[in-house]
Structures are given as C-alpha cells and as structure tokens.
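Colleague: For reference, the file query_38.cif (mmCIF, C-alpha atoms) is included below:
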data_upload
#
loop_
_atom_site.label_atom_id
_atom_site.label_comp_id
_atom_site.auth_asym_id
_atom_site.auth_seq_id
_atom_site.Cartn_x
_atom_site.Cartn_y
_atom_site.Cartn_z
CA MET E 1 6.70 19.26 -7.70
CA ASP E 2 9.77 21.00 -6.37
CA ASN E 3 12.03 18.10 -5.44
CA GLY E 4 13.60 20.36 -2.85
CA ALA E 5 10.54 19.47 -0.76
CA ALA E 6 11.66 15.83 -0.93
CA SER E 7 15.41 16.09 -0.58
CA TYR E 8 16.11 12.40 0.08
CA PRO E 9 15.24 9.51 -2.25
CA ILE E 10 12.44 7.10 -1.43
CA ILE E 11 13.29 3.39 -1.72
CA VAL E 12 10.33 1.17 -2.59
CA GLY E 13 11.17 -2.46 -1.92
CA GLY E 14 9.23 -5.71 -1.77
CA HIS E 15 7.12 -7.74 -4.16
CA ILE E 16 7.30 -7.35 -7.94
CA CYS E 17 6.10 -9.57 -10.77
CA LEU E 18 5.38 -9.66 -14.50
CA ASP E 19 1.69 -9.78 -15.41
CA ILE E 20 0.89 -11.59 -18.67
CA ILE E 21 -2.65 -10.71 -19.72
CA PRO E 22 -3.98 -12.45 -22.84
CA ALA E 23 -6.86 -10.70 -24.59
CA ILE E 24 -9.89 -12.99 -24.47
CA PRO E 25 -12.74 -12.11 -26.85
CA GLY E 26 -16.40 -12.23 -25.86
CA GLY E 27 -18.57 -15.28 -26.26
CA PRO E 28 -18.58 -18.70 -24.61
CA PHE E 29 -15.45 -19.47 -22.66
CA SER E 30 -14.37 -22.69 -21.03
CA MET E 31 -11.11 -24.50 -20.43
CA ALA E 32 -10.92 -28.26 -20.85
CA PRO E 33 -8.12 -30.76 -21.50
CA GLY E 34 -7.27 -31.01 -25.20
CA LYS E 35 -9.30 -27.93 -26.17
CA LEU E 36 -7.74 -25.13 -28.23
CA LEU E 37 -8.95 -21.61 -27.47
CA ASN E 38 -8.31 -18.80 -29.92
CA ILE E 39 -7.40 -15.64 -28.02
CA GLY E 40 -5.88 -12.27 -28.81
CA GLN E 41 -2.55 -10.60 -28.24
CA ALA E 42 -1.15 -10.63 -24.71
CA SER E 43 -0.16 -7.46 -22.90
CA LEU E 44 2.73 -7.34 -20.46
CA SER E 45 2.88 -5.12 -17.40
CA THR E 46 4.60 -5.03 -14.06
CA GLY E 47 2.66 -5.72 -10.88
CA GLY E 48 3.25 -5.75 -7.16
CA ALA E 49 4.01 -3.03 -4.62
CA VAL E 50 7.41 -2.11 -6.06
CA ALA E 51 6.02 -1.40 -9.52
CA ASN E 52 2.69 0.10 -8.49
CA THR E 53 3.67 2.30 -5.55
CA GLY E 54 7.14 3.04 -6.92
CA LEU E 55 6.06 4.07 -10.42
CA ALA E 56 3.15 6.09 -8.99
CA LEU E 57 5.60 8.02 -6.81
CA GLN E 58 7.80 8.63 -9.84
CA ARG E 59 4.84 9.93 -11.83
CA LEU E 60 3.94 12.25 -8.97
CA GLY E 61 7.44 13.69 -9.22
CA LEU E 62 9.22 12.15 -6.22
CA PRO E 63 12.84 10.93 -6.28
CA VAL E 64 12.40 7.14 -6.22
CA LYS E 65 14.59 4.02 -6.25
CA LEU E 66 13.03 0.61 -6.87
CA MET E 67 14.35 -2.44 -5.05
CA GLY E 68 12.46 -5.54 -6.10
CA LYS E 69 14.09 -8.90 -6.79
CA VAL E 70 14.02 -10.69 -10.16
CA GLY E 71 15.88 -13.59 -11.72
CA ASP E 72 18.31 -13.40 -14.62
CA ASP E 73 15.74 -15.01 -16.93
CA PHE E 74 13.60 -13.69 -19.78
CA PHE E 75 10.77 -12.57 -17.47
CA GLY E 76 13.27 -10.69 -15.31
CA GLN E 77 14.61 -8.94 -18.39
CA ALA E 78 11.04 -8.02 -19.36
CA ILE E 79 10.38 -6.53 -15.92
CA LEU E 80 13.56 -4.46 -16.07
CA SER E 81 12.75 -3.35 -19.62
CA ILE E 82 9.25 -2.17 -18.71
CA ILE E 83 10.59 -0.24 -15.71
CA GLY E 84 13.45 1.20 -17.78
CA GLU E 85 11.04 2.47 -20.42
CA ARG E 86 9.58 4.73 -17.77
CA GLN E 87 12.97 5.87 -16.45
CA GLN E 88 16.18 3.93 -16.88
CA GLU E 89 17.53 4.87 -13.46
CA LEU E 90 14.60 3.12 -11.83
CA ALA E 91 15.82 -0.26 -13.04
CA GLU E 92 19.36 0.25 -11.75
CA GLY E 93 18.48 -0.42 -8.11
CA MET E 94 16.68 -3.68 -8.82
CA ILE E 95 18.16 -6.89 -7.42
CA VAL E 96 18.98 -9.50 -10.09
CA ALA E 97 19.53 -13.00 -8.67
CA ALA E 98 21.59 -15.34 -10.81
CA GLY E 99 19.91 -18.67 -11.54
CA GLU E 100 16.55 -17.71 -10.03
CA ALA E 101 13.16 -17.51 -11.71
CA SER E 102 11.30 -14.22 -11.80
CA SER E 103 7.79 -13.92 -10.43
CA TYR E 104 4.96 -13.81 -12.96
CA SER E 105 1.20 -14.04 -13.16
CA ILE E 106 -0.98 -15.19 -16.05
CA VAL E 107 -4.18 -13.20 -15.72
CA ILE E 108 -7.16 -14.96 -17.34
CA ASN E 109 -9.87 -12.34 -17.62
CA PRO E 110 -12.72 -13.42 -19.92
CA PRO E 111 -15.70 -11.04 -20.31
CA GLN E 112 -18.40 -11.37 -17.64
CA VAL E 113 -16.34 -13.89 -15.69
CA ASP E 114 -14.31 -13.33 -12.52
CA ARG E 115 -10.60 -13.07 -13.15
CA MET E 116 -8.42 -16.11 -12.59
CA PHE E 117 -4.70 -16.03 -11.82
CA LEU E 118 -1.86 -18.47 -12.34
CA HIS E 119 0.96 -17.12 -10.18
CA CYS E 120 4.61 -18.00 -9.65
CA THR E 121 6.15 -16.28 -6.62
CA GLY E 122 9.67 -16.73 -8.00
CA ALA E 123 12.49 -14.58 -6.65
CA ASN E 124 10.14 -12.78 -4.24
CA ASP E 125 10.35 -15.86 -2.03
CA THR E 126 14.12 -15.54 -1.64
CA PHE E 127 14.18 -11.81 -0.82
CA LYS E 128 16.18 -11.37 2.40
CA ALA E 129 17.14 -8.45 4.59
CA GLU E 130 20.71 -8.68 3.32
CA ASP E 131 19.52 -7.99 -0.24
CA VAL E 132 19.08 -4.33 0.75
CA ALA E 133 22.51 -2.69 0.91
CA ASP E 134 23.52 -0.53 3.87
CA GLU E 135 24.76 2.11 1.44
CA ALA E 136 21.30 2.45 -0.12
CA LEU E 137 19.64 2.84 3.28
CA ALA E 138 22.20 5.44 4.35
CA GLU E 139 21.21 7.63 1.40
CA ALA E 140 17.44 7.14 1.59
CA GLY E 141 14.98 9.40 3.34
CA LEU E 142 12.15 6.85 3.39
CA PHE E 143 12.14 3.08 3.00
CA HIS E 144 8.80 1.58 1.98
CA PHE E 145 8.31 -2.19 1.88
CA GLY E 146 5.27 -3.82 0.35
CA TYR E 147 3.49 -7.21 0.30
CA PRO E 148 5.55 -9.31 2.75
CA PRO E 149 2.73 -11.93 2.91
CA LEU E 150 3.60 -12.77 -0.71
CA MET E 151 7.32 -13.27 0.05
CA ARG E 152 8.16 -16.54 1.81
CA HIS E 153 11.33 -15.48 3.64
CA MET E 154 9.50 -12.45 5.02
CA TYR E 155 6.85 -14.45 6.90
CA GLU E 156 8.50 -17.77 7.75
CA ASN E 157 10.26 -18.30 11.09
CA GLY E 158 7.98 -15.82 12.81
CA GLY E 159 8.87 -13.01 10.41
CA THR E 160 12.50 -12.83 11.52
CA GLU E 161 13.75 -11.56 8.14
CA LEU E 162 11.03 -8.92 7.88
CA ALA E 163 11.73 -7.63 11.38
CA GLU E 164 15.47 -7.54 10.66
CA LEU E 165 14.96 -5.66 7.40
CA MET E 166 12.82 -2.97 9.02
CA ARG E 167 15.19 -2.78 12.01
CA ARG E 168 18.13 -2.11 9.68
CA ALA E 169 16.19 0.50 7.74
CA LYS E 170 15.19 2.25 10.94
CA ALA E 171 18.70 2.07 12.38
CA ALA E 172 20.04 3.68 9.19
CA GLY E 173 17.93 6.77 9.92
CA THR E 174 15.23 6.36 7.29
CA THR E 175 11.56 6.98 7.84
CA THR E 176 10.12 3.49 7.51
CA SER E 177 6.85 2.51 5.86
CA MET E 178 5.14 -0.82 5.24
CA ASP E 179 2.14 -2.11 3.30
CA MET E 180 0.66 -5.61 3.37
CA ALA E 181 -1.27 -8.04 1.17
CA LYS E 182 -3.98 -10.43 2.30
CA PRO E 183 -2.56 -13.91 2.87
CA ASP E 184 -4.11 -16.85 1.08
CA THR E 185 -5.93 -18.92 3.71
CA ASP E 186 -4.91 -22.15 1.95
CA ALA E 187 -1.26 -21.16 1.50
CA PRO E 188 1.55 -21.21 4.10
CA SER E 189 1.25 -17.43 4.53
CA GLY E 190 -2.32 -17.93 5.72
CA GLN E 191 -1.24 -20.37 8.44
CA VAL E 192 1.35 -18.24 10.25
CA ASP E 193 0.74 -16.11 13.33
CA TRP E 194 0.51 -12.62 11.85
CA ARG E 195 -0.07 -10.97 15.23
CA GLU E 196 3.33 -12.31 16.31
CA ILE E 197 4.98 -11.09 13.10
CA LEU E 198 3.45 -7.63 13.40
CA ALA E 199 4.36 -7.35 17.08
CA ARG E 200 7.96 -8.18 16.17
CA THR E 201 8.14 -5.83 13.17
CA LEU E 202 5.99 -2.76 13.86
CA PRO E 203 8.24 -1.15 16.51
CA ASP E 204 10.56 -0.28 13.61
CA VAL E 205 7.79 0.82 11.23
CA ASP E 206 6.90 4.52 11.33
CA LEU E 207 4.02 4.47 8.82
CA PHE E 208 1.88 1.34 8.61
CA LEU E 209 -0.44 1.43 5.59
CA PRO E 210 -2.42 -1.82 5.14
CA SER E 211 -5.99 -2.36 4.02
CA VAL E 212 -8.55 -2.97 6.73
CA GLU E 213 -9.39 -6.40 5.26
CA GLU E 214 -5.76 -7.49 5.64
CA ILE E 215 -5.62 -6.38 9.26
CA LEU E 216 -8.97 -7.94 10.11
CA PHE E 217 -7.64 -11.22 8.66
CA MET E 218 -4.40 -10.94 10.66
CA LEU E 219 -5.73 -9.76 14.02
CA ARG E 220 -9.35 -11.02 14.12
CA LYS E 221 -9.34 -14.12 11.94
CA ASP E 222 -12.47 -15.54 13.58
CA VAL E 223 -14.35 -12.28 13.01
CA TYR E 224 -13.08 -12.12 9.43
CA ASP E 225 -14.22 -15.69 8.71
CA GLY E 226 -17.60 -15.07 10.29
CA MET E 227 -18.18 -11.90 8.27
CA ILE E 228 -17.15 -13.60 5.03
CA ALA E 229 -19.57 -16.42 5.76
CA SER E 230 -22.46 -14.09 6.61
CA VAL E 231 -22.10 -11.15 4.18
CA GLY E 232 -19.53 -12.33 1.61
CA SER E 233 -16.28 -10.70 0.51
CA ASP E 234 -18.07 -8.14 -1.69
CA GLN E 235 -19.91 -6.65 1.30
CA LEU E 236 -17.17 -6.99 3.90
CA LEU E 237 -16.06 -3.35 3.85
CA SER E 238 -19.56 -2.02 4.34
CA HIS E 239 -19.84 -4.03 7.58
CA ILE E 240 -16.56 -2.82 9.13
CA ASP E 241 -17.70 0.17 11.18
CA ALA E 242 -15.89 3.06 12.87
CA ALA E 243 -15.80 1.27 16.23
CA MET E 244 -14.00 -1.70 14.68
CA LEU E 245 -11.54 0.63 12.92
CA GLU E 246 -10.77 2.30 16.24
CA ALA E 247 -10.21 -1.06 17.95
CA LEU E 248 -7.96 -2.42 15.18
CA SER E 249 -5.91 0.77 14.91
CA SER E 250 -5.50 0.96 18.69
CA GLU E 251 -4.07 -2.55 18.79
CA LEU E 252 -1.71 -1.72 15.93
CA LEU E 253 -0.52 1.52 17.57
CA ASP E 254 0.21 -0.44 20.75
CA MET E 255 2.61 -2.57 18.68
CA GLY E 256 4.82 0.43 17.95
CA PRO E 257 4.19 2.40 14.74
CA ALA E 258 3.69 6.16 14.88
CA ILE E 259 0.98 6.33 12.23
CA VAL E 260 -1.57 3.75 11.10
CA ALA E 261 -3.50 4.35 7.88
CA LEU E 262 -6.18 1.80 7.02
CA LYS E 263 -7.31 1.73 3.40
CA LEU E 264 -11.09 1.33 3.12
CA GLY E 265 -11.41 0.70 -0.61
CA GLU E 266 -14.33 2.63 -2.10
CA TYR E 267 -15.05 4.16 1.33
CA GLY E 268 -11.79 6.14 1.61
CA LEU E 269 -9.00 6.27 4.18
CA TYR E 270 -8.88 6.16 7.99
CA VAL E 271 -5.84 7.32 10.02
CA ARG E 272 -4.89 7.01 13.70
CA THR E 273 -1.66 8.39 15.15
CA THR E 274 0.34 7.89 18.32
CA ALA E 275 -0.26 9.92 21.46
CA SER E 276 3.46 9.68 22.31
CA GLU E 277 5.58 12.74 21.56
CA GLU E 278 8.67 10.58 22.02
CA ARG E 279 7.51 8.16 19.30
CA LEU E 280 6.80 11.02 16.90
CA ALA E 281 10.31 12.35 17.52
CA ARG E 282 11.71 9.11 16.02
CA LEU E 283 10.19 9.44 12.55
CA GLY E 284 13.53 9.44 10.74
CA ARG E 285 14.83 11.73 8.01
CA TYR E 286 11.37 12.82 6.91
CA GLN E 287 10.34 14.02 10.37
CA PRO E 288 7.31 16.31 9.84
CA ARG E 289 7.96 20.04 10.15
CA GLN E 290 4.86 20.34 12.38
CA ALA E 291 5.12 17.07 14.30
CA SER E 292 2.50 18.19 16.83
CA SER E 293 -0.15 18.17 14.10
CA TRP E 294 0.33 14.39 13.87
CA LEU E 295 -0.06 13.80 17.61
CA ASN E 296 -3.07 11.79 18.84
CA ARG E 297 -5.21 12.16 15.71
CA GLU E 298 -8.15 10.18 14.36
CA LEU E 299 -9.19 11.24 10.84
CA TYR E 300 -11.31 9.94 8.02
CA VAL E 301 -11.66 11.09 4.42
CA PRO E 302 -14.03 9.59 1.82
CA CYS E 303 -13.16 9.02 -1.83
CA PHE E 304 -13.55 11.56 -4.62
CA ARG E 305 -16.12 11.00 -7.35
CA VAL E 306 -14.72 9.64 -10.63
CA ASP E 307 -15.73 7.42 -13.52
CA VAL E 308 -14.10 4.11 -12.64
CA ALA E 309 -12.29 2.32 -15.47
CA GLY E 310 -10.48 -0.18 -13.24
CA THR E 311 -9.26 -0.63 -9.67
CA THR E 312 -5.92 -2.36 -10.31
CA GLY E 313 -3.30 -0.79 -8.05
CA ALA E 314 -5.71 1.67 -6.40
CA GLY E 315 -4.48 0.90 -2.90
CA ASP E 316 -0.83 1.10 -3.94
CA CYS E 317 -1.40 4.48 -5.59
CA THR E 318 -3.24 5.75 -2.53
CA ILE E 319 -0.14 4.84 -0.53
CA ALA E 320 2.02 6.69 -3.06
CA GLY E 321 -0.12 9.80 -2.55
CA PHE E 322 0.16 9.46 1.24
CA LEU E 323 3.94 9.11 1.09
CA ALA E 324 4.20 12.03 -1.34
CA GLY E 325 2.32 14.31 1.03
CA PHE E 326 4.18 13.07 4.09
CA VAL E 327 7.69 13.58 2.72
CA GLN E 328 6.75 17.12 1.70
CA GLY E 329 5.87 17.89 5.30
CA LEU E 330 2.15 18.38 4.73
CA SER E 331 -0.42 18.24 7.52
CA PRO E 332 -2.26 14.98 8.22
CA GLU E 333 -5.36 16.44 6.57
CA ASP E 334 -3.58 17.48 3.36
CA THR E 335 -1.62 14.22 3.28
CA MET E 336 -4.81 12.15 3.48
CA ILE E 337 -6.62 14.25 0.89
CA GLY E 338 -3.65 13.92 -1.47
CA ALA E 339 -3.65 10.16 -0.88
CA VAL E 340 -7.29 9.56 -1.80
CA ALA E 341 -7.01 12.02 -4.70
CA THR E 342 -4.07 10.04 -6.10
CA GLY E 343 -6.05 6.82 -5.69
CA ALA E 344 -8.99 8.42 -7.50
CA CYS E 345 -6.75 9.36 -10.44
CA ASN E 346 -5.59 5.75 -10.60
CA VAL E 347 -9.06 4.24 -11.06
CA GLU E 348 -9.80 6.49 -14.05
CA GLN E 349 -7.54 4.19 -16.09
CA PRO E 350 -7.75 0.38 -16.31
CA ASP E 351 -4.07 -0.25 -15.48
CA ALA E 352 -2.14 0.37 -12.29
CA THR E 353 -0.29 3.66 -12.79
CA SER E 354 -0.93 5.42 -16.13
CA GLY E 355 -3.68 7.57 -14.62
CA ILE E 356 -1.33 9.16 -12.08
CA PRO E 357 -0.43 12.77 -13.00
CA ALA E 358 2.18 15.06 -11.47
CA TRP E 359 1.55 16.08 -7.87
CA LEU E 360 0.87 19.70 -8.85
CA ASP E 361 -1.81 18.52 -11.26
CA VAL E 362 -3.46 16.54 -8.45
CA GLN E 363 -3.42 19.69 -6.30
CA SER E 364 -4.83 21.82 -9.12
CA ARG E 365 -7.72 19.41 -9.50
CA LEU E 366 -8.41 19.62 -5.78
CA GLN E 367 -8.25 23.41 -5.78
CA ALA E 368 -10.71 23.56 -8.68
CA GLY E 369 -13.29 21.81 -6.51
CA TRP E 370 -13.53 18.04 -6.74
CA ALA E 371 -16.73 16.46 -5.51
CA ALA E 372 -16.36 13.73 -2.90
CA TYR E 373 -18.70 11.03 -1.74
CA PRO E 374 -20.52 11.67 1.54
CA PRO E 375 -19.05 10.08 4.67
CA ARG E 376 -20.28 6.72 5.81
CA ALA E 377 -23.14 6.87 8.31
CA ASP E 378 -21.03 5.31 11.06
CA PHE E 379 -18.72 8.35 10.98
CA SER E 380 -21.59 10.70 11.85
CA HIS E 381 -20.00 11.45 15.25
CA PHE E 382 -16.86 12.79 13.52
CA ARG E 383 -16.60 16.54 13.06
CA ALA E 384 -16.53 17.73 9.45
CA SER E 385 -13.97 20.43 8.69
CA SER E 386 -13.03 22.15 5.45
CA GLN E 387 -9.51 21.66 4.17
CA GLY E 388 -9.26 23.89 1.12
CA ASN E 389 -12.03 22.73 -1.19
CA ALA E 390 -12.16 19.28 0.41
CA VAL E 391 -13.79 18.06 3.61
CA ILE E 392 -12.14 15.80 6.17
CA TYR E 393 -13.73 14.21 9.23
CA ASP E 394 -12.08 14.47 12.65
CA GLY E 395 -12.84 12.00 15.41
CA ALA E 396 -11.08 14.06 18.07
CA ALA E 397 -14.18 16.16 18.78
CA ASP E 398 -15.88 13.04 20.12
CA LYS E 399 -12.96 12.05 22.33
CA ASN E 400 -11.94 15.39 23.87
CA LEU E 401 -8.58 15.15 22.13
CA ALA E 402 -6.62 18.28 21.38
CA ILE E 403 -7.32 19.63 17.91
CA LYS E 404 -3.96 20.52 16.47
#
What would the structure in this file look like if it were written as structure tokens?

Modeller:
Amino acid sequence: MDNGAASYPIIVGGHICLDIIPAIPGGPFSMAPGKLLNIGQASLSTGGAVANTGLALQRLGLPVKLMGKVGDDFFGQAILSIIGERQQELAEGMIVAAGEASSYSIVINPPQVDRMFLHCTGANDTFKAEDVADEALAEAGLFHFGYPPLMRHMYENGGTELAELMRRAKAAGTTTSMDMAKPDTDAPSGQVDWREILARTLPDVDLFLPSVEEILFMLRKDVYDGMIASVGSDQLLSHIDAAMLEALSSELLDMGPAIVALKLGEYGLYVRTTASEERLARLGRYQPRQASSWLNRELYVPCFRVDVAGTTGAGDCTIAGFLAGFVQGLSPEDTMIGAVATGACNVEQPDATSGIPAWLDVQSRLQAGWAAYPPRADFSHFRASSQGNAVIYDGAADKNLAIK
C-alpha cells in the first residue's frame, strides 16, 4: 500500500489482554479437585480489539498506533514484548499503569470440547478518557475504540467515560470509529442500559461497526432472549433477516453515527449510511473524497469462500479491512469487499492476525477472481451489481433511493 493514501495515523484503543493457551492432548479430559492433568506447552498471544484490529491494520500496511492499557507486571511486559516483536513502535503508544494488573485469559481448549475461559479484566477496567492524550488525538486521522462492554469504566455511570472519550476524539478532528463486544448477561455489563449508553455516545461516532448479535442484545434484549431460547446461539444469525437488520440499523442511525456496519459472521457484512449530507460533512480528517457515494446507502456483501482453520479475530480483522478501505477513500462497495476479503484471509489461519497479508495482496486475490458464497435468501429483493470481480447487493433499488 502507498501510505500516501493514508496520510494520518490510525489510533486503535480499547481492550487488550494476554491469552495463555495450554496445549491439551486428545483423550479423556476432566477437571476435579486434587487431580493432576498432564498437558503440553502453553502458547502466548495477545487478544482483544487493540491487538486484533490494530495488528491486522499494520499487516495491511496502514500507519497504526496502539493504545491499550496494561499493568507494570509480568503479563504486561509479555503483551508489550509480543507487540514489539511485530513492530517496536507499536508498543510505544501503549498505556502502562503502575501497580495495576494486566488483563489475561487462560483458554482451556480440549479436543472435541467447547472452549472454556478464565478471564481477568485487569487494567482494562480502569481505562478512562483521560488516558488518551490530546496530543495523540491531534495527530491522528482516525480513532478506533473497541470492546467497551469489557471495560468497566466505559459502561458504568451510564457510559459517561465512553461518551467523553469519543467526544474528545471527535472534537480533536479525528474520524471516529467504534466496535463492541457482547456483554455477559450475568455480569454488571449485562445489566446496564445499553440503549442509553449508545444514545449518549453515538453522536460522536462516525463509523459504528458492531456485530448484529451485540446490537440485538443491546437494543432488543427480549427478542434476543426469545431467539436464543427457541433456536439457540448457534442458529441465531440465520434467523436475523434483512427486515430486522434494516430496523436495527435505522435505530442506530437515528442515534447519530454516519455509517453503521453490522457484522453477520459467516453471512457477510451489512451497511447502512445516513441520509444527511450535513452529517457526512462531519466525518473528520478521513472525509471520503466522494462523500456523495456514502449518502443514503443500504448494501450487503456475502463472505468469500475459504478453507476455515479458525475464526479467532475474524470480526476484528473485517473491521481492519473496512477501516483500511475507508481511509484510502474507496467507495462503499470497494470498502465492504475489502473488509470481508480481509476477514476471509483471517480465518485461513487458526490465530487472530497471521493470515492477514498486505492490502495489495488482498486486492490481487480479488482481481484474480475469488468465489463468494451466494447471498442469503432474505436479500433476494436487493439488486446484484458487479464490483470488479466481486458482486455486491444494493437495497436502494427496492426503496427508490438514489444510486450513487
């Protein structure tokens, strides 16, 4: 990538942790008091939005600064070391809090058994708006913040800290972006009023990039609970249709963002944009060159066909691809195609980011002809249009919207 197309750095802030993953051999597995289990060597990796989205952007070739918060303990040193092995400058923007514990997860993943997690939220819980320096925001072109539901100060007190952080980023002139994580129903983050938090925060968020499950949980908790009870979590996505996506995205757009992108897992990516020219004119330093192409759009793109080795970080890498296309001034169609292509590269490897190539390599693969899955049946009313060798589906034809 020519970094001249992305002249300002991208700050990726939010949740980060150390994942400790012991190798567990096949055979009978059970945990009981007093029992010794012989296992293999543990692998260490970074997790969370800062590591996944940030390192994916760096691999794509974007100028990135990471801004997660760790303690001055051994786990914090390990996180900084892993990041520094990729590029030392990436670790220099991290926030190190004296006397605090770093976040970590122990991932217990025996063969043929669902994964189990032991998680310590650590320094993520004490992340505050003031941890992000004004000087950093003044230099950044885009500020992306990820996983506030996993960061206590970001969701307590009605999300005051989160709203203040995004307000400051927006006031500094950056293009602002935010991703979410699904709150744990049994944890404090699952008990707060997320509609209130989003209504307070989204006016200062230009690009809102959550998964549809997260938004269904936050805006339609009764519907979410009913669907989980009737079809189960594994089948939830297949029962969220185009009409529900339109309703959810409309409510989100009414809260203030310019662009809403809902990740649909294996089904692809859905995008709705504002009908307000005035709102589009406030997209910050990475204002699109052809802003009118982003006005009043409804688009859907399915995933590309790949051999799946693992899905860790797929959503975060899809976001990285979306941000990469957006800051280069690409059209909504090319931005979305680049996003799902980046996510597809991710799942070809078992870890979160090693499958991500340079942006030009992603584009070369697309230009060579990369087969995609067919659209979901509930998008049959969308108009299919070719975008290079890919196909994207436009809902404007069904709504008499202007095709830009």

Colleague: Using the chain letters and numbering of this document, enumerate as a compact mmCIF listing (two decimals) with C-alpha atoms, in the frame of the given file the residues selected by the PyMOL selection byres ((chain E and resi 16) around 8).

Modeller:
# COMPACT_ATOMS: atom_id res chain seq x y z
CA GLY E 14 9.23 -5.71 -1.77
CA HIS E 15 7.12 -7.74 -4.16
CA CYS E 17 6.10 -9.57 -10.77
CA LEU E 18 5.38 -9.66 -14.50
CA THR E 46 4.60 -5.03 -14.06
CA GLY E 47 2.66 -5.72 -10.88
CA GLY E 48 3.25 -5.75 -7.16
CA ALA E 49 4.01 -3.03 -4.62
CA VAL E 50 7.41 -2.11 -6.06
CA ALA E 51 6.02 -1.40 -9.52
CA GLY E 68 12.46 -5.54 -6.10
CA LYS E 69 14.09 -8.90 -6.79
CA VAL E 70 14.02 -10.69 -10.16
CA SER E 103 7.79 -13.92 -10.43
CA ASN E 124 10.14 -12.78 -4.24

Colleague: Kindly indicate which residue among E:Gly256, E:Gly315, E:Gly310, E:Gly395 lies nearest to Leu269 (chain E), using only C-alpha atoms for the distances.

Modeller: E:Gly315

Colleague: Running the PyMOL selection byres ((chain E and resi 73) around 10) on this model by hand, what would come out? Give it as a ChimeraX atom specification.

Modeller: /E:70-72,74-78,96-102

Colleague: Determine, counting only C-alpha atoms, which protein, DNA and RNA residues have an atom within 8 Å of an atom of Tyr300 (chain E); residues of the same chain fewer than 4 positions away are not included. Present the result as number ranges by chain.

Modeller: E: 268-271, 392-395

Colleague: Can you give me, as a PDB file with C-alpha atoms, in the frame of the given file, the residues this file yields under the PyMOL selection byres ((chain E and resi 313) around 8)?

Modeller:
ATOM      1  CA  ASN E  52       2.690   0.100  -8.490  1.00  0.00           C
ATOM      2  CA  THR E 311      -9.260  -0.630  -9.670  1.00  0.00           C
ATOM      3  CA  THR E 312      -5.920  -2.360 -10.310  1.00  0.00           C
ATOM      4  CA  ALA E 314      -5.710   1.670  -6.400  1.00  0.00           C
ATOM      5  CA  GLY E 315      -4.480   0.900  -2.900  1.00  0.00           C
ATOM      6  CA  ASP E 316      -0.830   1.100  -3.940  1.00  0.00           C
ATOM      7  CA  CYS E 317      -1.400   4.480  -5.590  1.00  0.00           C
ATOM      8  CA  ASN E 346      -5.590   5.750 -10.600  1.00  0.00           C
ATOM      9  CA  ASP E 351      -4.070  -0.250 -15.480  1.00  0.00           C
ATOM     10  CA  ALA E 352      -2.140   0.370 -12.290  1.00  0.00           C
ATOM     11  CA  THR E 353      -0.290   3.660 -12.790  1.00  0.00           C
TER      12      THR E 353
END

Colleague: Centre and edge lengths of an axis-aligned box around all listed atoms of region 119-122 of chain E, with 5 Å added on each side, are to be given in Å to one decimal, as JSON.

Modeller:
{"center_x": 5.3, "center_y": -17.1, "center_z": -8.4, "size_x": 18.7, "size_y": 11.7, "size_z": 13.6}

Colleague: Can you find the residues with an atom no farther than 12 Å from (-7.5, 12.0, 11.3), counting all atoms listed in the file, and report them as a VMD selection string?

Modeller: chain E and resid 246 249 259 to 262 269 to 274 293 to 302 331 to 337 379 382 to 385 391 to 397 401 to 404

Colleague: Nearest residue to Ile24 (chain E) out of E:Leu44, E:Leu55, E:Leu90, E:Val107, using only C-alpha atoms?

Modeller: E:Val107

Colleague: Residues within 9 Å of (-1.4, -6.2, 8.1), file coordinates, counting all atoms listed in the file: what are they? Give the list as a ChimeraX atom specification.

Modeller: /E:149,178-182,194-195,198,208-219

Colleague: CA of Gly329 (chain E) and CA of Leu264 (chain E), how far apart in Å?

Modeller: 23.8 Å

Colleague: Hey, which of E:Ser250, E:Glu348, E:His239, E:Ala275 ends up closest to Val223 (chain E)? Count only C-alpha atoms.

Modeller: E:His239

Colleague: Near region 26-30 of chain E, counting only C-alpha atoms, which residues have an atom at most 8 Å away, once you skip same-chain residues fewer than 2 positions from it, shown as number ranges by chain?

Modeller: E: 24, 32, 110-111

Colleague: Could those residues be written to a file, using C-alpha atoms, as a PDB file, in the coordinates of the input?

Modeller:
ATOM      1  CA  ILE E  24      -9.890 -12.990 -24.470  1.00  0.00           C
ATOM      2  CA  ALA E  32     -10.920 -28.260 -20.850  1.00  0.00           C
ATOM      3  CA  PRO E 110     -12.720 -13.420 -19.920  1.00  0.00           C
ATOM      4  CA  PRO E 111     -15.700 -11.040 -20.310  1.00  0.00           C
TER       5      PRO E 111
END

Colleague: Measuring atom to atom with only C-alpha atoms, identify which of E:Gly61, E:Ala5, E:Met31, E:Ser105 is nearest to Ser45 (chain E).

Modeller: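 For Ser45 (chain E), the nearest of the candidates is E:Ser105.
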
Colleague: Might you pull out every residue within 9 Å of region 135-146 of chain E, with only C-alpha atoms counted and same-chain residues fewer than 5 positions away left off, and present them as JSON, numbers by chain?

Modeller: {"E": [6, 7, 8, 9, 10, 11, 12, 13, 14, 15, 48, 49, 50, 53, 65, 93, 166, 168, 169, 170, 172, 173, 174, 175, 176, 177, 178, 179, 180, 181, 207, 284, 285, 286, 316, 323, 327]}

Colleague: Could you work out how far CA of Leu248 (chain E) lies from CA of Met154 (chain E), giving the answer in Å with one decimal?

Modeller: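 According to the coordinates, CA of Met154 (chain E) and CA of Leu248 (chain E) are separated by 22.6 Å.
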
Colleague: From the structure just shown, export region 349-359 of chain E with N, CA and C atoms as a compact mmCIF listing (two decimals), in the first residue's frame.

Modeller:
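Now in out-v4.txt:
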# COMPACT_ATOMS: atom_id res chain seq x y z
N GLN E 349 -6.15 -19.02 8.90
CA GLN E 349 -5.16 -19.38 9.91
C GLN E 349 -5.87 -19.50 11.26
N PRO E 350 -5.36 -20.33 12.17
CA PRO E 350 -6.07 -20.54 13.44
C PRO E 350 -6.00 -19.37 14.41
N ASP E 351 -4.99 -18.51 14.27
CA ASP E 351 -4.84 -17.39 15.21
C ASP E 351 -5.50 -16.14 14.65
N ALA E 352 -5.34 -15.03 15.37
CA ALA E 352 -6.13 -13.84 15.07
C ALA E 352 -5.63 -13.02 13.89
N THR E 353 -4.33 -12.94 13.64
CA THR E 353 -3.86 -11.98 12.63
C THR E 353 -2.83 -12.51 11.64
N SER E 354 -2.24 -13.69 11.85
CA SER E 354 -1.13 -14.11 10.98
C SER E 354 -1.55 -14.35 9.55
N GLY E 355 -2.85 -14.55 9.31
CA GLY E 355 -3.31 -14.78 7.94
C GLY E 355 -3.51 -13.51 7.14
N ILE E 356 -3.34 -12.34 7.76
CA ILE E 356 -3.60 -11.08 7.07
C ILE E 356 -2.39 -10.68 6.23
N PRO E 357 -2.55 -10.56 4.90
CA PRO E 357 -1.45 -10.13 4.04
C PRO E 357 -1.48 -8.61 3.86
N ALA E 358 -0.58 -8.11 3.03
CA ALA E 358 -0.61 -6.70 2.67
C ALA E 358 -1.88 -6.39 1.87
N TRP E 359 -2.33 -5.15 1.94
CA TRP E 359 -3.56 -4.74 1.26
C TRP E 359 -3.49 -5.02 -0.24
